[in-house]
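Reading through the structure tokens given below for one structure.
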Amino acid sequence: MNIGWLKRHLVVAIFVTVFVALLGVIIWFEHSASNAKQQTEDELADQQSQLQQLQGINPYPSAQNVLALRRDREQLQGLFKSLQHDLGRDSVSISNLQNEVDFSQRLREILQQLSEAATNAHVSTPDQFAFGFSRYVSTFPCRNPPARQEDCKQILALLAKQLLVSQKLTLMAISNNVEAIGAIHRTEVEPGTTSADALLMPIVHDPKGLYDSMPFEIQFTCNAKSLQAFLNSLSQSDWFFAVKNLKIASESASTATSTPGRSSTSSSSVGAPGSPLERNRLIVTARIDLVEFPSLKEDSKKEKSP
């Protein structure tokens, strides 16, 4: 570089250098502004597209329509809570079982009570009937396979609830004069060997926590009047029972009537004194779910708390 020329033209060199620097800054700002403009235009185009979609909705989401929708939603939530309270009724209260031995003792007590109730009401049951709990007549829960203490508490709580429901359904059937109870099936709540009482239906917990559903199945023999009374008892129970499926088969049963001075084997028309009366006997298989609403329990606890 010619130092002499640079000294003679120092002002020009400084001016050129400053001009080039300013030109670079201006170009950089212009490029940044162009990018910001493009981004703004893209966002505006996206917002305009959303606006067009909203304007095409029927009804249009104006402030008035949004307010009406919010009000309708609040009314719907209120009606749903009212429906839950009307259907929820009482929850099944179970006793606190410390271990599997306590459950086995409680099971023996209830099975004896139910057997005596059936005998006193002349309701026939199969030999060594365990009312849905034959798996635990000679074994303890939580031992086959072994369960951790936390898991065992959950298993015992479910078994205790199932035992109370089985007791409730049995006493309903007995009090409504069924002739025989053939079987009670329930969902197995722990892994391992299942029994003939197992019901291949899962216990359902709603993903949103709105309800829990525990399935049962009871088989009994009765007449039409007893079946109607049993179903009425379910609807009037302090627990919420939902009849999911009802299978009815009928068979004829003969009963003989006699009057003083006449032989019950006299050859007369059906229905006359001394002739066998034909009546239909119903063999009923009822799939019944116990439905509970956990959200109602939480609400009631909040209301009771000061």
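Every chain in the structure tokens takes a letter, A first, then B, and so on in the order presented; its residues are numbered from 1, and the ligands are numbered from 1 following the presented order.
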
Quick one: pick out all helix (DSSP H, G or I) residues within stretch 145-260 of chain A from a backbone DSSP run and write them as a count of residues only.
-> 40

With a distance cut-off of 12 Å and only C-alpha atoms, select the neighbouring residues of A:Gly132, excluding the residue or stretch itself and same-chain residues fewer than 6 positions from it, and output the selection as number ranges by chain.
-> A: 107, 110-111, 114, 126, 159, 162-167, 169-170, 181-188, 194-199, 216-219

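For the set A:Asn245, A:Ser235, A:Gln228, A:Asn144, the residue with the smallest atom-to-atom gap to A:Leu282 is A:Gln228, counting only C-alpha atoms.
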
Correct to one decimal, the distance atom CA of A:Val178-atom CA of A:Ala121 is 9.2 Å

Residue nearest A:Met201 - candidates A:Asn232, A:Arg148, A:Cys142, A:Ile288, atoms counted: only C-alpha atoms |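 Nearest candidate to A:Met201 out of A:Asn232, A:Arg148, A:Cys142, A:Ile288: A:Ile288.
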
Grab the atom CA of A:Arg108 to atom CA of A:Ser93 distance for me, in Å with one decimal place.
->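 Going from atom CA of A:Arg108 over to atom CA of A:Ser93 covers 19.2 Å.
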
Based on DSSP run over this structure's backbone, return all residues of stretch 69-280 of chain A in strand (DSSP E), as a PyMOL selection string.
-> chain A and resi 180-186+204-205+212-222+241-256+276-280

Could you write those residues out with C-alpha atoms, as a PDB file, in the first residue's frame?
ATOM      1  CA  ALA A 180     -83.674 -71.860  44.656  1.00  0.00           C
ATOM      2  CA  ILE A 181     -80.392 -70.036  44.211  1.00  0.00           C
ATOM      3  CA  GLY A 182     -78.157 -71.877  41.783  1.00  0.00           C
ATOM      4  CA  ALA A 183     -75.026 -69.734  41.540  1.00  0.00           C
ATOM      5  CA  ILE A 184     -73.470 -66.374  42.262  1.00  0.00           C
ATOM      6  CA  HIS A 185     -70.551 -65.240  40.124  1.00  0.00           C
ATOM      7  CA  ARG A 186     -68.181 -62.347  40.802  1.00  0.00           C
ATOM      8  CA  VAL A 204     -64.585 -50.888  35.440  1.00  0.00           C
ATOM      9  CA  HIS A 205     -63.101 -47.590  36.592  1.00  0.00           C
ATOM     10  CA  ASP A 212     -66.902 -47.391  39.246  1.00  0.00           C
ATOM     11  CA  SER A 213     -68.758 -50.500  38.131  1.00  0.00           C
ATOM     12  CA  MET A 214     -68.440 -53.916  39.827  1.00  0.00           C
ATOM     13  CA  PRO A 215     -70.199 -56.787  37.986  1.00  0.00           C
ATOM     14  CA  PHE A 216     -72.027 -59.762  39.519  1.00  0.00           C
ATOM     15  CA  GLU A 217     -74.211 -62.556  38.224  1.00  0.00           C
ATOM     16  CA  ILE A 218     -76.863 -64.431  40.162  1.00  0.00           C
ATOM     17  CA  GLN A 219     -78.864 -67.438  39.017  1.00  0.00           C
ATOM     18  CA  PHE A 220     -82.090 -68.411  40.731  1.00  0.00           C
ATOM     19  CA  THR A 221     -85.375 -70.193  40.147  1.00  0.00           C
ATOM     20  CA  CYS A 222     -88.669 -68.476  40.890  1.00  0.00           C
ATOM     21  CA  PHE A 241     -77.716 -51.624  41.064  1.00  0.00           C
ATOM     22  CA  ALA A 242     -77.873 -51.650  37.264  1.00  0.00           C
ATOM     23  CA  VAL A 243     -79.343 -54.733  35.590  1.00  0.00           C
ATOM     24  CA  LYS A 244     -77.098 -55.200  32.549  1.00  0.00           C
ATOM     25  CA  ASN A 245     -78.522 -58.460  31.237  1.00  0.00           C
ATOM     26  CA  LEU A 246     -81.445 -60.694  32.120  1.00  0.00           C
ATOM     27  CA  LYS A 247     -81.825 -64.218  30.722  1.00  0.00           C
ATOM     28  CA  ILE A 248     -85.008 -66.111  31.515  1.00  0.00           C
ATOM     29  CA  ALA A 249     -85.831 -69.718  30.709  1.00  0.00           C
ATOM     30  CA  SER A 250     -89.078 -71.353  31.733  1.00  0.00           C
ATOM     31  CA  GLU A 251     -89.989 -74.875  32.653  1.00  0.00           C
ATOM     32  CA  SER A 252     -93.232 -76.441  33.757  1.00  0.00           C
ATOM     33  CA  ALA A 253     -93.659 -77.678  37.306  1.00  0.00           C
ATOM     34  CA  SER A 254     -96.613 -79.793  38.409  1.00  0.00           C
ATOM     35  CA  THR A 255     -98.312 -79.366  41.774  1.00  0.00           C
ATOM     36  CA  ALA A 256    -101.156 -81.513  43.003  1.00  0.00           C
ATOM     37  CA  PRO A 276    -102.296 -81.520  38.953  1.00  0.00           C
ATOM     38  CA  LEU A 277    -101.848 -77.818  38.257  1.00  0.00           C
ATOM     39  CA  GLU A 278     -99.294 -76.807  35.672  1.00  0.00           C
ATOM     40  CA  ARG A 279     -97.364 -73.619  36.436  1.00  0.00           C
ATOM     41  CA  ASN A 280     -94.353 -72.065  34.814  1.00  0.00           C
TER      42      ASN A 280
END

Any idea what's packed within 9 Å of A:Tyr211, counting only C-alpha atoms, ignoring anything in its chain fewer than 6 positions away? Could you give it as a PyMOL selection string?
-> chain A and resi 204-205+291-295

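Across the structure, atom CA of A:Ser138 and atom CA of A:Glu100 are spaced 12.4 Å apart.
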